[in-house]
file run27.txt (compact mmCIF, C-alpha atoms)
# COMPACT_ATOMS: atom_id res chain seq x y z
CA MET A 1 -21.77 57.34 52.04
CA THR A 2 -25.37 56.29 51.36
CA ILE A 3 -26.33 53.52 48.96
CA ALA A 4 -27.72 56.07 46.50
CA GLU A 5 -24.47 58.07 46.64
CA LYS A 6 -22.41 54.92 46.06
CA GLN A 7 -24.64 54.01 43.10
CA GLU A 8 -24.21 57.45 41.54
CA GLN A 9 -20.45 57.32 42.03
CA LEU A 10 -20.31 53.93 40.34
CA LEU A 11 -22.46 55.12 37.44
CA ASP A 12 -20.24 58.20 37.03
CA GLU A 13 -17.15 55.97 36.90
CA LEU A 14 -18.72 53.66 34.31
CA ALA A 15 -19.72 56.67 32.20
CA LEU A 16 -16.04 57.54 31.77
CA PHE A 17 -15.60 54.52 29.49
CA GLN A 18 -16.61 54.94 25.87
CA ASP A 19 -16.86 51.34 24.73
CA TRP A 20 -18.12 48.14 26.30
CA THR A 21 -14.75 46.44 26.27
CA GLU A 22 -13.41 49.11 28.62
CA ARG A 23 -16.51 48.86 30.84
CA TYR A 24 -16.19 45.09 31.07
CA GLU A 25 -12.51 45.43 31.97
CA TYR A 26 -13.49 47.92 34.69
CA VAL A 27 -16.16 45.57 36.09
CA ILE A 28 -13.72 42.63 36.01
CA GLY A 29 -11.19 44.84 37.83
CA LEU A 30 -13.77 45.51 40.56
CA GLY A 31 -14.16 41.77 41.01
CA LYS A 32 -10.43 41.33 41.38
CA LYS A 33 -10.47 43.91 44.20
CA LEU A 34 -13.06 42.04 46.26
CA GLN A 35 -12.02 40.92 49.70
CA PRO A 36 -10.91 37.30 49.31
CA MET A 37 -13.48 34.71 50.34
CA GLU A 38 -12.27 31.80 52.40
CA GLU A 39 -12.39 28.51 50.51
CA SER A 40 -14.43 26.97 53.35
CA ALA A 41 -17.16 29.59 52.70
CA LYS A 42 -17.51 28.45 49.09
CA ASN A 43 -20.10 25.87 50.00
CA PRO A 44 -23.66 25.04 48.90
CA GLU A 45 -25.12 27.19 51.70
CA HIS A 46 -23.55 30.32 50.20
CA LEU A 47 -24.14 29.46 46.53
CA ILE A 48 -26.56 31.72 44.65
CA ARG A 49 -28.79 29.26 42.82
CA GLY A 50 -29.83 29.92 39.24
CA CYS A 51 -26.65 31.67 38.09
CA GLN A 52 -24.87 30.28 35.03
CA SER A 53 -21.55 30.50 36.89
CA GLN A 54 -20.93 29.57 40.49
CA VAL A 55 -21.41 32.63 42.72
CA TRP A 56 -20.98 32.50 46.45
CA LEU A 57 -22.24 35.14 48.85
CA ASP A 58 -21.77 35.35 52.59
CA ALA A 59 -22.73 38.11 54.98
CA THR A 60 -22.01 39.01 58.56
CA PHE A 61 -23.72 41.49 60.84
CA LYS A 62 -21.53 43.66 63.01
CA GLY A 63 -22.11 47.04 64.61
CA GLY A 64 -25.61 47.24 63.13
CA LYS A 65 -24.31 46.90 59.57
CA VAL A 66 -24.18 44.11 57.01
CA HIS A 67 -20.81 43.11 55.57
CA TYR A 68 -20.69 41.02 52.42
CA VAL A 69 -18.02 38.78 50.92
CA ALA A 70 -18.51 37.18 47.53
CA ASP A 71 -16.69 35.24 44.85
CA SER A 72 -17.33 33.53 41.54
CA ASP A 73 -15.59 31.09 39.24
CA SER A 74 -16.15 33.56 36.37
CA LEU A 75 -14.32 36.89 36.08
CA ILE A 76 -17.28 38.84 34.68
CA THR A 77 -19.70 37.35 37.20
CA LYS A 78 -17.30 38.14 40.03
CA GLY A 79 -17.23 41.72 38.73
CA MET A 80 -21.02 41.81 38.62
CA ILE A 81 -21.38 40.72 42.25
CA ALA A 82 -18.66 43.24 43.12
CA LEU A 83 -20.97 46.02 41.84
CA PHE A 84 -23.52 45.05 44.47
CA VAL A 85 -20.96 44.54 47.22
CA LEU A 86 -19.60 48.03 46.50
CA VAL A 87 -22.95 49.71 47.01
CA LEU A 88 -24.49 47.52 49.74
CA ASP A 89 -21.56 46.62 51.98
CA ASP A 90 -21.33 48.34 55.36
CA GLN A 91 -24.97 49.47 55.31
CA THR A 92 -27.83 48.82 57.73
CA PRO A 93 -30.31 46.06 56.90
CA ASP A 94 -33.10 48.65 56.56
CA ALA A 95 -31.06 50.72 54.08
CA ILE A 96 -30.35 47.60 52.03
CA LEU A 97 -33.97 46.45 52.09
CA THR A 98 -35.26 49.82 50.89
CA ALA A 99 -32.49 50.41 48.34
CA ASP A 100 -33.56 50.98 44.76
CA MET A 101 -31.57 48.41 42.80
CA SER A 102 -32.63 49.73 39.40
CA PHE A 103 -29.24 51.48 39.22
CA ILE A 104 -27.97 48.25 37.67
CA ASP A 105 -30.25 48.89 34.68
CA ARG A 106 -28.66 52.33 34.31
CA THR A 107 -25.21 50.75 33.95
CA GLY A 108 -26.30 49.37 30.57
CA LEU A 109 -24.69 46.03 31.41
CA LYS A 110 -27.86 44.00 30.94
CA GLU A 111 -28.10 44.91 27.25
CA HIS A 112 -24.62 43.52 26.66
CA LEU A 113 -24.96 40.30 28.64
CA ALA A 114 -26.41 36.96 27.66
CA PRO A 115 -29.95 36.61 29.11
CA THR A 116 -28.76 34.07 31.70
CA ARG A 117 -26.07 36.46 32.95
CA ALA A 118 -28.49 39.40 32.98
CA ASN A 119 -30.89 37.30 35.07
CA ALA A 120 -28.02 36.59 37.47
CA LEU A 121 -27.92 40.29 38.34
CA ASN A 122 -31.48 40.06 39.69
CA LEU A 123 -30.65 36.87 41.59
CA MET A 124 -27.62 38.51 43.19
CA ALA A 125 -29.56 41.60 44.28
CA ASN A 126 -32.38 39.46 45.68
CA GLN A 127 -30.00 37.22 47.60
CA MET A 128 -28.22 40.22 49.15
CA LYS A 129 -31.56 41.67 50.23
CA GLN A 130 -32.57 38.27 51.66
CA ARG A 131 -29.43 38.21 53.80
CA ALA A 132 -30.17 41.76 55.03
CA LEU A 133 -33.75 40.69 55.83
CA SER A 134 -32.49 37.76 57.87
CA PHE A 135 -30.40 40.15 59.99
CA ALA A 136 -33.29 42.65 60.29
CA THR A 137 -35.62 39.92 61.58
CA GLY A 138 -33.00 38.28 63.80
CA ASN A 139 -32.93 35.02 61.80
CA PRO A 140 -29.43 34.94 60.24
call {"tool": "encode", "arguments": {"input": "run27.txt", "output": "C-alpha cells"}}
result
Amino acid sequence: MTIAEKQEQLLDELALFQDWTERYEYVIGLGKKLQPMEESAKNPEHLIRGCQSQVWLDATFKGGKVHYVADSDSLITKGMIALFVLVLDDQTPDAILTADMSFIDRTGLKEHLAPTRANALNLMANQMKQRALSFATGNP
C-alpha cells in the first residue's frame, strides 16, 4: 500500500467517529498497538526535541525500506506518533521524503490540541523524514 493510500485509509477510519472523544480514544488505541520499543532505545539520541512530552523515534533500514519504532510517555502523543508510523513504516526513503504530510491537517486533530502538542506533529513528521534522508544519503 502506498503512503497516500495509507493516509486515505486512516482518514476514512477517523471519519467514522462523530465526536472528538471517540477520535482521541481511537488515536490512543493506535499508540497502544505500536510495536514495543526497547527501553535501551529510549535514549537522548532517539528523543524528538521540542515536544511537550518525551517522544522517542528510532528507524532501521532493511530491504530498501525504512522501519520505524516509536514511544512516548504520554498516551495521546504516543497515538500521534503512531499515525505517522502507520503511514510511513515499511516505505522507501524516497517515498517518505516526497510524501505529502498535510494529511495530518485533514484529520482535524490540530484544532483540538494545545498549540505545543499541535507543533509536536510537525516535529514528528520532520524527524521521520530526516531519518529517511539519512538512509537515502547513506549517513544513518
call {"tool": "closest_residue", "arguments": {"input": "run27.txt", "among": "A:Gln91, A:Thr116, A:Ser102, A:Thr2", "to": "Gly64 in chain A", "atoms": "all atoms listed in the file"}}
result
A:Gln91
call {"tool": "residues_around", "arguments": {"input": "run27.txt", "residues": "Trp20 in chain A", "least_positions_apart": "3", "cutoff": "10 Å", "atoms": "only C-alpha atoms", "output": "ChimeraX atom specification"}}
result
/A:14,17,23-26,108-109,112
call {"tool": "write_last_selection", "arguments": {"input": "run27.txt", "atoms": "C-alpha atoms", "output": "PDB file, keeping the file's coordinate frame"}}
result
ATOM      1  CA  LEU A  14     -18.720  53.660  34.310  1.00  0.00           C
ATOM      2  CA  PHE A  17     -15.600  54.520  29.490  1.00  0.00           C
ATOM      3  CA  ARG A  23     -16.510  48.860  30.840  1.00  0.00           C
ATOM      4  CA  TYR A  24     -16.190  45.090  31.070  1.00  0.00           C
ATOM      5  CA  GLU A  25     -12.510  45.430  31.970  1.00  0.00           C
ATOM      6  CA  TYR A  26     -13.490  47.920  34.690  1.00  0.00           C
ATOM      7  CA  GLY A 108     -26.300  49.370  30.570  1.00  0.00           C
ATOM      8  CA  LEU A 109     -24.690  46.030  31.410  1.00  0.00           C
ATOM      9  CA  HIS A 112     -24.620  43.520  26.660  1.00  0.00           C
TER      10      HIS A 112
END
call {"tool": "residues_around", "arguments": {"input": "run27.txt", "residues": "Pro44 in chain A", "least_positions_apart": "3", "cutoff": "10 Å", "atoms": "all atoms listed in the file", "output": "PDB file with C-alpha atoms, in the coordinates of the input"}}
result
ATOM      1  CA  ALA A  41     -17.160  29.590  52.700  1.00  0.00           C
ATOM      2  CA  LEU A  47     -24.140  29.460  46.530  1.00  0.00           C
ATOM      3  CA  ILE A  48     -26.560  31.720  44.650  1.00  0.00           C
ATOM      4  CA  ARG A  49     -28.790  29.260  42.820  1.00  0.00           C
ATOM      5  CA  GLN A  54     -20.930  29.570  40.490  1.00  0.00           C
ATOM      6  CA  TRP A  56     -20.980  32.500  46.450  1.00  0.00           C
TER       7      TRP A  56
END
call {"tool": "closest_residue", "arguments": {"input": "run27.txt", "among": "A:Ala70, A:Ala95, A:Ala136, A:Val27", "to": "Leu83 in chain A", "atoms": "only C-alpha atoms"}}
result
A:Val27
call {"tool": "atom_distance", "arguments": {"input": "run27.txt", "atom1": "CA of Ala118 in chain A", "atom2": "CA of Met37 in chain A"}}
result
23.4 Å
call {"tool": "atom_distance", "arguments": {"input": "run27.txt", "atom1": "CA of Ser72 in chain A", "atom2": "CA of Lys110 in chain A"}}
result
18.2 Å
call {"tool": "atom_distance", "arguments": {"input": "run27.txt", "atom1": "CA of Gln7 in chain A", "atom2": "CA of Glu38 in chain A"}}
result
27.1 Å
call {"tool": "build_atoms", "arguments": {"input": "run27.txt", "residues": "range 120-136 of chain A", "atoms": "N, CA and C atoms", "output": "compact mmCIF listing (two decimals), in the coordinates of the input"}}
result
# COMPACT_ATOMS: atom_id res chain seq x y z
N ALA A 120 -28.86 36.77 36.28
CA ALA A 120 -28.02 36.59 37.47
C ALA A 120 -27.93 37.88 38.28
N LEU A 121 -27.96 39.02 37.62
CA LEU A 121 -27.92 40.29 38.34
C LEU A 121 -29.11 40.40 39.29
N ASN A 122 -30.29 40.03 38.84
CA ASN A 122 -31.48 40.06 39.69
C ASN A 122 -31.35 39.06 40.85
N LEU A 123 -30.83 37.88 40.55
CA LEU A 123 -30.65 36.87 41.59
C LEU A 123 -29.68 37.35 42.66
N MET A 124 -28.60 38.00 42.25
CA MET A 124 -27.62 38.51 43.19
C MET A 124 -28.23 39.57 44.10
N ALA A 125 -28.93 40.53 43.50
CA ALA A 125 -29.56 41.60 44.28
C ALA A 125 -30.57 41.02 45.27
N ASN A 126 -31.37 40.07 44.80
CA ASN A 126 -32.38 39.46 45.68
C ASN A 126 -31.74 38.71 46.83
N GLN A 127 -30.66 37.99 46.55
CA GLN A 127 -30.00 37.22 47.60
C GLN A 127 -29.38 38.15 48.65
N MET A 128 -28.82 39.27 48.21
CA MET A 128 -28.22 40.22 49.15
C MET A 128 -29.30 40.84 50.03
N LYS A 129 -30.46 41.13 49.44
CA LYS A 129 -31.56 41.67 50.23
C LYS A 129 -32.10 40.61 51.20
N GLN A 130 -32.12 39.35 50.77
CA GLN A 130 -32.57 38.27 51.66
C GLN A 130 -31.67 38.16 52.90
N ARG A 131 -30.37 38.28 52.66
CA ARG A 131 -29.43 38.21 53.80
C ARG A 131 -29.66 39.39 54.75
N ALA A 132 -29.90 40.58 54.21
CA ALA A 132 -30.17 41.76 55.03
C ALA A 132 -31.47 41.55 55.82
N LEU A 133 -32.48 40.97 55.16
CA LEU A 133 -33.75 40.69 55.83
C LEU A 133 -33.56 39.73 57.00
N SER A 134 -32.73 38.72 56.80
CA SER A 134 -32.49 37.76 57.87
C SER A 134 -31.87 38.44 59.10
N PHE A 135 -30.99 39.42 58.87
CA PHE A 135 -30.40 40.15 59.99
C PHE A 135 -31.43 41.09 60.62
N ALA A 136 -32.27 41.71 59.79
CA ALA A 136 -33.29 42.65 60.29
C ALA A 136 -34.32 41.94 61.17
